[in-house]
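Please read the structure below before turning to the comments.
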There are 4 protein chains.
Amino acid sequence: MSGCPFFEKRHLLFKNKLPSPEEDDASQAGDNKANKGGILYGEYLQLDKILSGQVLQSEVKGNKIHDEHLFIVTHQAYELWFKQILFELDSVREIFTRGHVRDERNMLKVNTRMNRIVTIFKLLVEQFAVLETMTALDFFDFREYLSPASGFQSFQFRLLENKIGVLDNLRVPYNKRHYRDNFKGHDSEILLASEQQPSLLKLVEEWLERTPGLEEDGFNFWSKLETCIFEGLDKDRDNITTIPDAEEKEEMKAEWVQKKEVFTSLFDEKRHEHLLSKGERRLSYKALQGALMIYFYREEPRFQVPFQLLTLLMDMDAPMTKWRYNHVCMVHRMIGSKAGTGGSSGYHYLRSTVSDRYKVFVDLFNLATFLVPHHWVPKLNPNIHTFLYVAECCDSSYGSSEDSDQEVV
Amino acid sequence: MSGCPFFEKRHLLFKNKLPSPEEDDASQAGDNKANKGGILYGEYLQLDKILSGQVLQSEVKGNKIHDEHLFIVTHQAYELWFKQILFELDSVREIFTRGHVRDERNMLKVNTRMNRIVTIFKLLVEQFAVLETMTALDFFDFREYLSPASGFQSFQFRLLENKIGVLDNLRVPYNKRHYRDNFKGHDSEILLASEQQPSLLKLVEEWLERTPGLEEDGFNFWSKLETCIFEGLDKDRDNITTIPDAEEKEEMKAEWVQKKEVFTSLFDEKRHEHLLSKGERRLSYKALQGALMIYFYREEPRFQVPFQLLTLLMDMDAPMTKWRYNHVCMVHRMIGSKAGTGGSSGYHYLRSTVSDRYKVFVDLFNLATFLVPHHWVPKLNPNIHTFLYVAECCDSSYGSSEDSDQEVV
Amino acid sequence: MSGCPFFEKRHLLFKNKLPSPEEDDASQAGDNKANKGGILYGEYLQLDKILSGQVLQSEVKGNKIHDEHLFIVTHQAYELWFKQILFELDSVREIFTRGHVRDERNMLKVNTRMNRIVTIFKLLVEQFAVLETMTALDFFDFREYLSPASGFQSFQFRLLENKIGVLDNLRVPYNKRHYRDNFKGHDSEILLASEQQPSLLKLVEEWLERTPGLEEDGFNFWSKLETCIFEGLDKDRDNITTIPDAEEKEEMKAEWVQKKEVFTSLFDEKRHEHLLSKGERRLSYKALQGALMIYFYREEPRFQVPFQLLTLLMDMDAPMTKWRYNHVCMVHRMIGSKAGTGGSSGYHYLRSTVSDRYKVFVDLFNLATFLVPHHWVPKLNPNIHTFLYVAECCDSSYGSSEDSDQEVV
Amino acid sequence: MSGCPFFEKRHLLFKNKLPSPEEDDASQAGDNKANKGGILYGEYLQLDKILSGQVLQSEVKGNKIHDEHLFIVTHQAYELWFKQILFELDSVREIFTRGHVRDERNMLKVNTRMNRIVTIFKLLVEQFAVLETMTALDFFDFREYLSPASGFQSFQFRLLENKIGVLDNLRVPYNKRHYRDNFKGHDSEILLASEQQPSLLKLVEEWLERTPGLEEDGFNFWSKLETCIFEGLDKDRDNITTIPDAEEKEEMKAEWVQKKEVFTSLFDEKRHEHLLSKGERRLSYKALQGALMIYFYREEPRFQVPFQLLTLLMDMDAPMTKWRYNHVCMVHRMIGSKAGTGGSSGYHYLRSTVSDRYKVFVDLFNLATFLVPHHWVPKLNPNIHTFLYVAECCDSSYGSSEDSDQEVV
């Protein structure tokens with residue numbers, strides 16, 4: 001970044017580690033270090049690699065087409081940002097996996113990094129504007145030279161999907177082939193492994209299942225909620241009977257029946273398992289309870305940051321799905337819909353992926369269906385209320401947080 | 001890009017060149033080509049290079065700090081886009097340099113590419129949002145390891161400024177040193193050369209000087225405009241004398257005097273040269289006339305696309321200057337203003353670059369000072385009017401445009 | 001806008017009309033005018049109306065919910081911008097309707113205004129970010145008070161769709177009812193009228209049908225193109241027979257057959273009429289030809305600005321469709337998908353409108369299917385080539401353009 | 001919003017209040033209510049007011065200029081959003097003023113609303129793109145009709161500045177006049193009152209002064225920090241003496257001296273008062289301490305949400321200042337810099353407001369100057385550590401939070 005004085009100064013005095021042997025040698029080298037030593041901007045960023053990776057296939061084939069350069073740079077920028085997202089995602093998953101999330105001091109870190117992922121995804125949506133300065137006609141001129149390279153071969157994007165929690169059995173096949181068929185050897189193995197390791201979805205699920213207040217021998221939120229809701233529904237039904245106007249009364253009754261069905265289904269664990277098996281729900285029944293508990297008590301100090309996390313998970317799903325949709329729009333513009341030709345169409349395939357199948361945290365969105373008025377929400381009793389204010393202190397040796405920090409991330 | 005079917009298909013049949021010998025060999029290789037041949041996504045984008053260039057200095061020094069990864073990736077993304085901007089800029093300068101711009105068929109290309117540069121700059125402004133997810137405290141943790149690398153060492157950004165037309169003598173020195181002192185050997189030479197080669201500013205200047213209608217023995221726009229404006233001013237003065245209210249009359253008079261001064265200065269070539277020497281104007285007197293002519297007759301078919309170009313030049317300057325300002329804001333947040341310390345402050349240096357000194361096409365903005373009512377603009381006479389509809393046809397052999405296209409870009 | 005000095009100065013001297021009687025009186029009023037006369041910012045913008053229109057239904061009903069204010073203001077901002085889009089759209093349609101577009105001087109105006117519409121639509125997409133700061137839980141608290149108001153009742157949005165050219169028979173019905181059933185009296189009549197008046201789609205169609213070069217007794221583009229394409233296809237087939245590898249040959253053949261089908265369908269007018277009747281195409285056969293001609297010869301001076309217009313029409317369709325998709329995402333978040341309940345779901349209805357049925361200029365996107373290599377495009381002959389450089393001058397009395405301008409817009 | 005099913009359904013059953021008498025009457029009206037009753041979209045949004053407020057002065061004066069419509073609508077949209085920002089700002093200030101912020105359950109609300117303000121400001125920055133589709137030439141055509149209306153007369157923007165905490169004595173005068181001179185009567189009184197009521201800056205200051213851990217008879221953060229820092233500095237000095245290379249040693253020493261000065265100044269209360277009096281600092285000495293404490297212990301559960309608030313305050317200042325800068329850029333483009341004319345220039349005035357004088361929470365930015373390595377930060381002792389986990393529960397009667405909610409906001 002031009003003129004960025006970010007790292008212009010040497011801050012040796014601030015070092016919080018002893019100098020390593022090499023550094024000692026370096027410091028003995030004297031003026032060498034002072035004037036020429038250390039790392040320069042271009043070396044630091046390895047610009048020799050980054051800026052030499054733009055080879056136009058059209059030029060290689062003897063027919064250089066100007067716009068291919070943009071095509072390459074845009075895709076490279078996408079891949080750079082995918083790498084960053086993966087880096088943040090791995091660190092968040094690590095915090096959850098190691099159980100560090102039980103120390104609530106790590107929640108700030110989790111949310112900060114999730115927010116960064118969200119911000120990057122929003123940038124990636126904006127980034128289409130740049131590629132859209134290329135017309136279909138410009139693209140046509142070099143499209144042939146790229147064969148058989150294909151965006152389906154983006155290893156990082158598939159990895160990303162798996163690590164967030166896109167389910168293999170919900171993926172739309174492309175030309176009847178499994179997505180992993182596009183990859184070979186080591187890449188294919190890593191993808192398979194990523195399907196088997198706990199995804200962010202799984203980790204969040206486990207964390208939600210531990211939501212304080214769910215314990216059946218404690219506050220027993222779910223059972224209390226069920227009681228409150230059905231009491232509320234009963235009262236509503238009674239109110240309806242007092243409506244004088246016949247037509248309105250019928251309308252109200254019909255609506256009431258529907259609402260009762262919705263809530264009956266909510267407390268029907270078997271139905272939940274059925275929806276899970278069809279992929280219409282993704283979180284375990286217990287995790288769903290935890291999420292709803294956090295929703296309803298979000299203002300309690302201990303639930304504020306968890307509530308932000310749930311919001312961030314939706315904030316991540318939304319631009320991912322918008323990214324897919326923007327992608328579809330651009331492809332439509334670049335290659336048309338190919339209506340009328342045989343063979344499967346890239347455009348139509350991509351359209352099919354703009355679907356709730358690929359919305360990993362779809363349950364959090366759908367919880368909006370189960371909201372109730374404030375006075376239907378069970379009151380916190382003094383025990384749980386205090387509990388929500390007090391978190392356990394997980395590390396006996398405070399002050400070591402920096403160290404643990406470095407282990408964690 | 002995941003699932004991008006852009007280049008999924010082989011379109012050998014569409015080749016508009018004969019197969020080269022290697023391709024023939026390749027096609028003879030048979031199934032090899034069909035199944036495994038050609039280039040894959042990761043190879044095409046050289047992702048081995050792009051995705052292996054993230055080495056954290058904090059990790060090298062034994063104290064890995066998570067956020068340094070973001071810092072590296074963001075700067076690499078900036079440099080990737082700078083490369084793309086340079087690529088477009090060079091192609092536009094090439095079109096101007098080779099005189100291809102005289103063939104007005106090339107103007108669409110010029111504007112399309114300028115628009116792409118503008119779009120990229122706007123993305124670069126958005127991109128700050130990502131780096132801003134890092135707090136000053138996170139940055140502090142790895143800042144020391146970067147020394148003496150500095151954004152001042154961004155070779156591409158300096159090159160960019162020179163090629164657009166930032167003038168060496170208008171640059172703000174940093175710590176009393178010339179900007180080129182940050183670069184050595186080959187880089188330094190290329191920068192020097194870029195100062196000496198015609199910048200976009202210079203090329204646009206030459207093109208504006210050729211604006212049809214400026215010829216003194218022809219339509220003679222400038223002289224006609226001067227006459228019209230001073231006639232208009234005279235009429236205004238006469239109108240003022242008829243204002244009955246004394247106070248208002250005085251006010252009007254004062255305003256009139258001011259306006260007369262403004263226009264007198266416009267037609268004063270010596271004053272223009274004086275402002276040029278101080279850097280307050282950048283375009284030659286003749287080029288300024290051309291720009292104003294295009295402004296006033298922008299709806300004439302032959303001036304529509306040139307008018308868009310003038311607008312695009314301002315559209316490029318504006319986000320560049322916003323980029324600088326956003327940069328300042330971020331630096332303020334990351335390192336503070338260091339008020340009270342001795343040594344020069346990066347923050348204050350950067351603030352000083354958010355200045356009209358770095359606004360290359362500042363004259364086009366300032367022309368807003370010299371606008372006049374429609375009826376003060378000289379009427380086109382039949383000759384010039386026809387001329388504005390008819391452009392010369394530069395190439396005798398039409399149909400070779402594709403070929404010349406490939407020479408040009 | 002704070003501190004906006006845009007209109008801070010009186011420019012009486014620049015008036016290009018004689019003072020009207022009232023103004024004369026005003027100017028005679030003397031110091032009154034100088035100090036207190038004229039219009040103030042708040043009056044000018046009618047802020048008394050604009051800023052008093054926020055009445056919270058929840059407050060009226062005795063249970064003020066904070067977030068309803070955001071809900072109202074956001075929707076009002078949408079409606080304000082819809083009004084601006086309609087204003088621009090009407091002026092563009094007027095230029096086309098009155099035939100002013102035949103004077104090519106008006107094309108700059110058309111494109112500038114279309115670009116403004118595009119820019120506003122992009123802002124409207126961004127604007128969702130603001131409403132998304134409201135959670136489903138916040139919305140739930142006041143949702144009941146709004147009944148039966150509904151976004152389906154946005155008169156301006158329906159008008160907008162009709163004026164651009166969304167076809168009545170392609171609309172997705174909502175709860176089996178026609179969209180116009182949501183409107184009564186005058187509004188309903190205006191909507192009906194807007195369906196009957198020429199939409200932008202229709203006007204662009206007529207304009208495209210007049211594309212110079214389509215004349216059968218002139219350059220006869222369509223016939224020439226057909227000849228070139230089928231000659232090219234024949235040559236390709238011959239090349240395929242020389243491929244030594246059997247498997248590759250078969251593959252190439254299959255691809256060739258497909259391509260031949262595509263182009264055969266392009267030149268099959270009956271098929272076009274069939275697709276038109278199904279709504280899969282929207283432009284007349286002749287207009288489609290004109291669009292393809294502009295695509296292929298876009299660098300010709302007279303086609304540059306028309307090509308920009310075609311691009312802008314897609315640029316408008318794209319964010320409209322993104323706006324619909326963002327809307328769906330937000331609704332999902334606010335009210336869930338209501339899976340499992342009977343009654344029709346707003347979410348699922350809205351999803352169905354994110355469809356090519358609502359993409360008015362879908363034909364321009366789909367033209368990407370019919371691109372061919374440069375050397376398959378018919379060469380311009382000297383006659384048409386000159387023609388593309390020279391436009392007719394439509395108004396005999398130049399200089400009256402400002403006046404006609406005011407009639408036009 | 002078209003097709004917005006947000007409020008399409010009647011949810012009478014969810015009502016958490018008894019029906020008011022009018023509603024009873026309404027419900028007795030029977031089919032009237034079912035079919036025609038309730039409020040419609042256009043009435044709800046008062047679109048008759050909102051959409052009838054666009055009166056073009058150019059049209060009133062008999063010379064309708066198309067682009068004036070955009071000018072009006074854009075400014076109205078700005079004012080609508082200013083109203084929303086004021087609404088959020090007032091609710092946040094209310095929470096602080098009434099001491100509700102002591103109940104930490106309200107912090108989620110505070111941060112959510114601050115985040116909304118930030119999001120709106122970002123939209124307002126984007127919104128310039130729309131006005132920038134108007135050229136200087138278009139603006140010139142109707143500029144004269146607006147006199148003497150001026151953006152300086154935006155009442156809401158001045159109110160906004162005062163309520164956030166722009167200080168009267170730091171404002172740049174315009175044409176040597178006080179900003180309040182632009183307003184009369186009631187407006188002027190409200191502005192004066194807003195200067196006297198506690199601004200967000202003041203309220204945050206008081207809140208920061210109460211940061212747990214600052215108590216001199218408790219954890220005594222400030223004194224502990226001072227000790228730690230000077231011990232650290234001493235150790236650094238000792239390390240420097242062991243550096244063998246003379247030149248490097250001198251450099252390190254000079255840097256050390258500088259750093260020592262910076263920290264000496266930090267602990268010098270008199271110097272703080274001096275900087276306060278000059279406007280270079282804005283927060284009290286105690287509040288500054290609180291902010292730094294929150295910075296250093298931000299990961300402690302009780303400090304996570306407060307740390308987010310400090311970040312949001314900077315997030316609000318940053319786009320406000322960017323908005324000012326974008327405004328300057330647009331004005332430059334619209335009216336030029338008027339260099340060379342007498343009279344004060346709007347452009348130059350606006351430039352002067354893009355200054356740290358108008359950055360209300362500048363102290364939070366500048367704290368970046370005072371960061372130290374982790375091991376220089378005082379360790380939390382068991383007492384304070386527990387304290388940071390446990391917040392007092394302020395309301396004895398939990399469950400009444402909804403009610404108090406409605407009082408608060």
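For the structure tokens, the naming scheme is as follows: chains receive sequential letters (A, B, ...) according to their order of presentation, residues are indexed from 1 within each chain, and ligands are indexed from 1 in presentation order.
Those residues of chain B that fall within 7 Å of chain D when using only C-alpha atoms read B:Ala136, B:Gln258, B:Val262, B:Ala318, B:Cys329, B:His332, B:Arg333, B:Met334, B:Ile335, B:Gly336, B:Ser337, B:Lys338, B:Thr341, B:Gly342, B:Phe365, B:Asn366, B:Leu367, B:Ala368, B:Thr369.
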Mind checking which residues fall within 10 Å of Leu214 of chain D, counting only C-alpha atoms, ignoring those fewer than 2 positions away in the same chain, and posting them as a PyMOL selection string?
chain D and resi 208-212+216-223+286-287+289-290+293
All helix (DSSP H, G or I) residues (DSSP, backbone) inside segment 61-200 of chain C, as JSON, numbers by chain:
{"C": [68, 69, 70, 71, 72, 73, 74, 75, 76, 77, 78, 79, 80, 81, 82, 83, 84, 85, 86, 87, 88, 89, 90, 91, 92, 93, 94, 95, 96, 97, 100, 101, 102, 104, 105, 106, 107, 108, 109, 110, 111, 112, 113, 114, 115, 116, 117, 118, 119, 120, 121, 122, 123, 124, 125, 126, 127, 128, 129, 130, 131, 136, 137, 138, 139, 140, 141, 142, 143, 144, 145, 146, 151, 152, 153, 155, 156, 157, 158, 159, 160, 161, 162, 163, 164, 168, 169, 170, 179, 180, 181, 182, 185, 186, 187, 188, 189, 190, 191, 192, 193, 194, 195, 196, 200]}
For Asp90 of chain B: contacts at 12 Å, only C-alpha atoms, fewer than 2 positions along chain excluded, given as a PDB file with N, CA and C atoms, in the first residue's frame:
ATOM      1  N   HIS A  66      -6.485  -8.971 -24.914  1.00  0.00           N
ATOM      2  CA  HIS A  66      -6.289  -8.057 -23.796  1.00  0.00           C
ATOM      3  C   HIS A  66      -7.036  -8.468 -22.531  1.00  0.00           C
TER       4      HIS A  66
ATOM      5  N   LYS B  83      -1.417  -4.126 -10.471  1.00  0.00           N
ATOM      6  CA  LYS B  83      -0.883  -4.675 -11.721  1.00  0.00           C
ATOM      7  C   LYS B  83      -1.926  -4.578 -12.833  1.00  0.00           C
ATOM      8  N   GLN B  84      -3.166  -4.900 -12.493  1.00  0.00           N
ATOM      9  CA  GLN B  84      -4.231  -4.826 -13.506  1.00  0.00           C
ATOM     10  C   GLN B  84      -4.428  -3.383 -13.976  1.00  0.00           C
ATOM     11  N   ILE B  85      -4.402  -2.451 -13.042  1.00  0.00           N
ATOM     12  CA  ILE B  85      -4.576  -1.047 -13.432  1.00  0.00           C
ATOM     13  C   ILE B  85      -3.444  -0.623 -14.366  1.00  0.00           C
ATOM     14  N   LEU B  86      -2.224  -1.006 -14.025  1.00  0.00           N
ATOM     15  CA  LEU B  86      -1.087  -0.666 -14.883  1.00  0.00           C
ATOM     16  C   LEU B  86      -1.252  -1.269 -16.274  1.00  0.00           C
ATOM     17  N   PHE B  87      -1.770  -2.487 -16.315  1.00  0.00           N
ATOM     18  CA  PHE B  87      -1.970  -3.162 -17.593  1.00  0.00           C
ATOM     19  C   PHE B  87      -2.968  -2.388 -18.467  1.00  0.00           C
ATOM     20  N   GLU B  88      -4.049  -1.950 -17.868  1.00  0.00           N
ATOM     21  CA  GLU B  88      -5.054  -1.183 -18.619  1.00  0.00           C
ATOM     22  C   GLU B  88      -4.497   0.188 -19.016  1.00  0.00           C
ATOM     23  N   VAL B  92      -4.066   1.886 -22.744  1.00  0.00           N
ATOM     24  CA  VAL B  92      -4.677   3.157 -23.135  1.00  0.00           C
ATOM     25  C   VAL B  92      -3.603   4.128 -23.617  1.00  0.00           C
ATOM     26  N   ARG B  93      -2.508   4.191 -22.887  1.00  0.00           N
ATOM     27  CA  ARG B  93      -1.423   5.087 -23.295  1.00  0.00           C
ATOM     28  C   ARG B  93      -0.868   4.686 -24.655  1.00  0.00           C
ATOM     29  N   GLU B  94      -0.822   3.382 -24.891  1.00  0.00           N
ATOM     30  CA  GLU B  94      -0.330   2.872 -26.166  1.00  0.00           C
ATOM     31  C   GLU B  94      -1.231   3.334 -27.323  1.00  0.00           C
ATOM     32  N   ILE B  95      -2.533   3.251 -27.092  1.00  0.00           N
ATOM     33  CA  ILE B  95      -3.472   3.686 -28.137  1.00  0.00           C
ATOM     34  C   ILE B  95      -3.247   5.157 -28.456  1.00  0.00           C
ATOM     35  N   PHE B  96      -3.062   5.967 -27.408  1.00  0.00           N
ATOM     36  CA  PHE B  96      -2.806   7.388 -27.639  1.00  0.00           C
ATOM     37  C   PHE B  96      -1.450   7.614 -28.304  1.00  0.00           C
ATOM     38  N   THR B  97      -0.442   6.931 -27.800  1.00  0.00           N
ATOM     39  CA  THR B  97       0.918   7.164 -28.284  1.00  0.00           C
ATOM     40  C   THR B  97       1.043   6.847 -29.764  1.00  0.00           C
ATOM     41  N   ARG B  98       0.463   5.716 -30.145  1.00  0.00           N
ATOM     42  CA  ARG B  98       0.616   5.303 -31.534  1.00  0.00           C
ATOM     43  C   ARG B  98      -0.295   6.069 -32.466  1.00  0.00           C
ATOM     44  N   VAL B 110     -10.844   2.741 -25.399  1.00  0.00           N
ATOM     45  CA  VAL B 110     -10.243   3.648 -24.408  1.00  0.00           C
ATOM     46  C   VAL B 110     -11.200   3.846 -23.233  1.00  0.00           C
ATOM     47  N   ARG B 113     -11.769   0.726 -21.024  1.00  0.00           N
ATOM     48  CA  ARG B 113     -10.642   0.424 -20.130  1.00  0.00           C
ATOM     49  C   ARG B 113     -10.498   1.459 -19.022  1.00  0.00           C
ATOM     50  N   MET B 114     -10.760   2.706 -19.348  1.00  0.00           N
ATOM     51  CA  MET B 114     -10.743   3.727 -18.292  1.00  0.00           C
ATOM     52  C   MET B 114     -11.836   3.409 -17.266  1.00  0.00           C
ATOM     53  N   ILE B 117     -10.625   0.810 -14.953  1.00  0.00           N
ATOM     54  CA  ILE B 117      -9.705   1.359 -13.942  1.00  0.00           C
ATOM     55  C   ILE B 117     -10.503   2.019 -12.815  1.00  0.00           C
ATOM     56  N   LEU B 159       4.757   3.830  -9.798  1.00  0.00           N
ATOM     57  CA  LEU B 159       4.736   3.730 -11.250  1.00  0.00           C
ATOM     58  C   LEU B 159       3.380   4.214 -11.766  1.00  0.00           C
ATOM     59  N   LEU B 160       2.361   3.765 -11.104  1.00  0.00           N
ATOM     60  CA  LEU B 160       0.995   4.151 -11.422  1.00  0.00           C
ATOM     61  C   LEU B 160       0.823   5.664 -11.376  1.00  0.00           C
ATOM     62  N   ASN B 162       3.109   7.938 -11.623  1.00  0.00           N
ATOM     63  CA  ASN B 162       3.865   8.583 -12.697  1.00  0.00           C
ATOM     64  C   ASN B 162       3.175   8.419 -14.047  1.00  0.00           C
ATOM     65  N   LYS B 163       2.639   7.250 -14.288  1.00  0.00           N
ATOM     66  CA  LYS B 163       2.032   7.006 -15.601  1.00  0.00           C
ATOM     67  C   LYS B 163       0.724   7.767 -15.774  1.00  0.00           C
ATOM     68  N   ILE B 164       0.029   8.007 -14.702  1.00  0.00           N
ATOM     69  CA  ILE B 164      -1.181   8.834 -14.792  1.00  0.00           C
ATOM     70  C   ILE B 164      -0.771  10.286 -14.959  1.00  0.00           C
ATOM     71  N   SER B 194       9.615   6.241 -16.252  1.00  0.00           N
ATOM     72  CA  SER B 194       8.179   6.525 -16.295  1.00  0.00           C
ATOM     73  C   SER B 194       7.898   8.001 -16.098  1.00  0.00           C
ATOM     74  N   GLN B 197       8.638   9.306 -19.777  1.00  0.00           N
ATOM     75  CA  GLN B 197       7.725   8.924 -20.857  1.00  0.00           C
ATOM     76  C   GLN B 197       6.418   9.714 -20.739  1.00  0.00           C
ATOM     77  N   PRO B 198       5.691   9.816 -21.859  1.00  0.00           N
ATOM     78  CA  PRO B 198       4.450  10.594 -21.793  1.00  0.00           C
ATOM     79  C   PRO B 198       3.416   9.953 -20.858  1.00  0.00           C
ATOM     80  N   SER B 199       2.986  10.714 -19.894  1.00  0.00           N
ATOM     81  CA  SER B 199       1.951  10.251 -18.960  1.00  0.00           C
ATOM     82  C   SER B 199       0.581  10.359 -19.625  1.00  0.00           C
ATOM     83  N   LEU B 200      -0.411   9.751 -19.006  1.00  0.00           N
ATOM     84  CA  LEU B 200      -1.775   9.874 -19.514  1.00  0.00           C
ATOM     85  C   LEU B 200      -2.161  11.351 -19.602  1.00  0.00           C
ATOM     86  N   LEU B 203      -0.693  12.790 -22.744  1.00  0.00           N
ATOM     87  CA  LEU B 203      -1.314  12.251 -23.952  1.00  0.00           C
ATOM     88  C   LEU B 203      -2.708  12.816 -24.151  1.00  0.00           C
ATOM     89  N   VAL B 408      -2.573  -3.059 -31.489  1.00  0.00           N
ATOM     90  CA  VAL B 408      -2.745  -1.914 -30.586  1.00  0.00           C
ATOM     91  C   VAL B 408      -2.581  -2.303 -29.133  1.00  0.00           C
ATOM     92  N   VAL B 409      -3.184  -3.392 -28.749  1.00  0.00           N
ATOM     93  CA  VAL B 409      -3.324  -3.593 -27.301  1.00  0.00           C
ATOM     94  C   VAL B 409      -2.304  -4.558 -26.704  1.00  0.00           C
TER      95      VAL B 409
END
Extract, using only C-alpha atoms, all DNA, RNA and protein residues at most 10 Å from Tyr358 of chain C, discarding same-chain residues fewer than 2 positions from it, and format them as a ChimeraX atom specification.
/C:161,165-167,170-172,317,320-321,324,352-356,360-362
Go ahead and write the selection's residues with N, CA and C atoms as a JSON list (two decimals), in the first residue's frame.
[["chain", "number", "residue", "atom", "x", "y", "z"],
["C", 161, "GLU", "N", -42.15, -1.68, -12.92],
["C", 161, "GLU", "CA", -42.04, -2.94, -13.66],
["C", 161, "GLU", "C", -42.75, -2.85, -15.00],
["C", 165, "GLY", "N", -41.11, -3.03, -18.68],
["C", 165, "GLY", "CA", -41.59, -4.03, -19.63],
["C", 165, "GLY", "C", -41.79, -5.43, -19.07],
["C", 166, "VAL", "N", -41.96, -5.55, -17.74],
["C", 166, "VAL", "CA", -42.36, -6.85, -17.20],
["C", 166, "VAL", "C", -43.72, -7.19, -17.79],
["C", 167, "LEU", "N", -43.85, -8.38, -18.35],
["C", 167, "LEU", "CA", -45.09, -8.73, -19.03],
["C", 167, "LEU", "C", -46.11, -9.30, -18.06],
["C", 170, "LEU", "N", -46.39, -13.00, -17.71],
["C", 170, "LEU", "CA", -45.24, -13.72, -17.14],
["C", 170, "LEU", "C", -45.16, -13.55, -15.62],
["C", 171, "ARG", "N", -45.98, -12.67, -15.07],
["C", 171, "ARG", "CA", -45.94, -12.46, -13.62],
["C", 171, "ARG", "C", -46.38, -13.72, -12.88],
["C", 172, "VAL", "N", -45.74, -13.96, -11.74],
["C", 172, "VAL", "CA", -46.16, -15.05, -10.88],
["C", 172, "VAL", "C", -47.33, -14.55, -10.04],
["C", 317, "ASP", "N", -31.17, -4.54, -15.61],
["C", 317, "ASP", "CA", -31.82, -5.80, -15.27],
["C", 317, "ASP", "C", -31.08, -6.52, -14.14],
["C", 320, "MET", "N", -31.69, -5.16, -10.61],
["C", 320, "MET", "CA", -33.12, -5.35, -10.26],
["C", 320, "MET", "C", -33.32, -6.77, -9.78],
["C", 321, "THR", "N", -32.70, -7.69, -10.48],
["C", 321, "THR", "CA", -32.85, -9.08, -10.12],
["C", 321, "THR", "C", -32.08, -9.38, -8.82],
["C", 324, "ARG", "N", -34.24, -8.20, -6.04],
["C", 324, "ARG", "CA", -35.26, -9.19, -5.71],
["C", 324, "ARG", "C", -34.65, -10.31, -4.85],
["C", 352, "SER", "N", -39.89, -17.22, -6.21],
["C", 352, "SER", "CA", -40.32, -17.53, -7.58],
["C", 352, "SER", "C", -40.21, -16.32, -8.49],
["C", 353, "THR", "N", -40.12, -15.11, -7.90],
["C", 353, "THR", "CA", -39.99, -13.92, -8.76],
["C", 353, "THR", "C", -38.54, -13.64, -9.12],
["C", 354, "VAL", "N", -37.61, -14.34, -8.48],
["C", 354, "VAL", "CA", -36.20, -14.21, -8.86],
["C", 354, "VAL", "C", -36.00, -15.13, -10.04],
["C", 355, "SER", "N", -36.49, -14.70, -11.17],
["C", 355, "SER", "CA", -36.58, -15.61, -12.30],
["C", 355, "SER", "C", -36.38, -14.82, -13.58],
["C", 356, "ASP", "N", -36.00, -15.53, -14.63],
["C", 356, "ASP", "CA", -35.82, -14.85, -15.90],
["C", 356, "ASP", "C", -37.13, -14.28, -16.43],
["C", 360, "VAL", "N", -36.30, -8.33, -17.99],
["C", 360, "VAL", "CA", -36.96, -7.79, -19.17],
["C", 360, "VAL", "C", -36.11, -7.94, -20.43],
["C", 361, "PHE", "N", -34.82, -7.65, -20.29],
["C", 361, "PHE", "CA", -33.97, -7.68, -21.48],
["C", 361, "PHE", "C", -33.18, -8.98, -21.58],
["C", 362, "VAL", "N", -33.86, -10.05, -21.23],
["C", 362, "VAL", "CA", -33.22, -11.37, -21.19],
["C", 362, "VAL", "C", -32.62, -11.74, -22.54]]
Find the residues around Val305 of chain A up to 9 Å (only C-alpha atoms counted), leave out those fewer than 4 positions away in its own chain, and share them as JSON, numbers by chain.
{"A": [107, 108, 111, 298, 301, 309, 310], "D": [108, 301, 304, 305]}
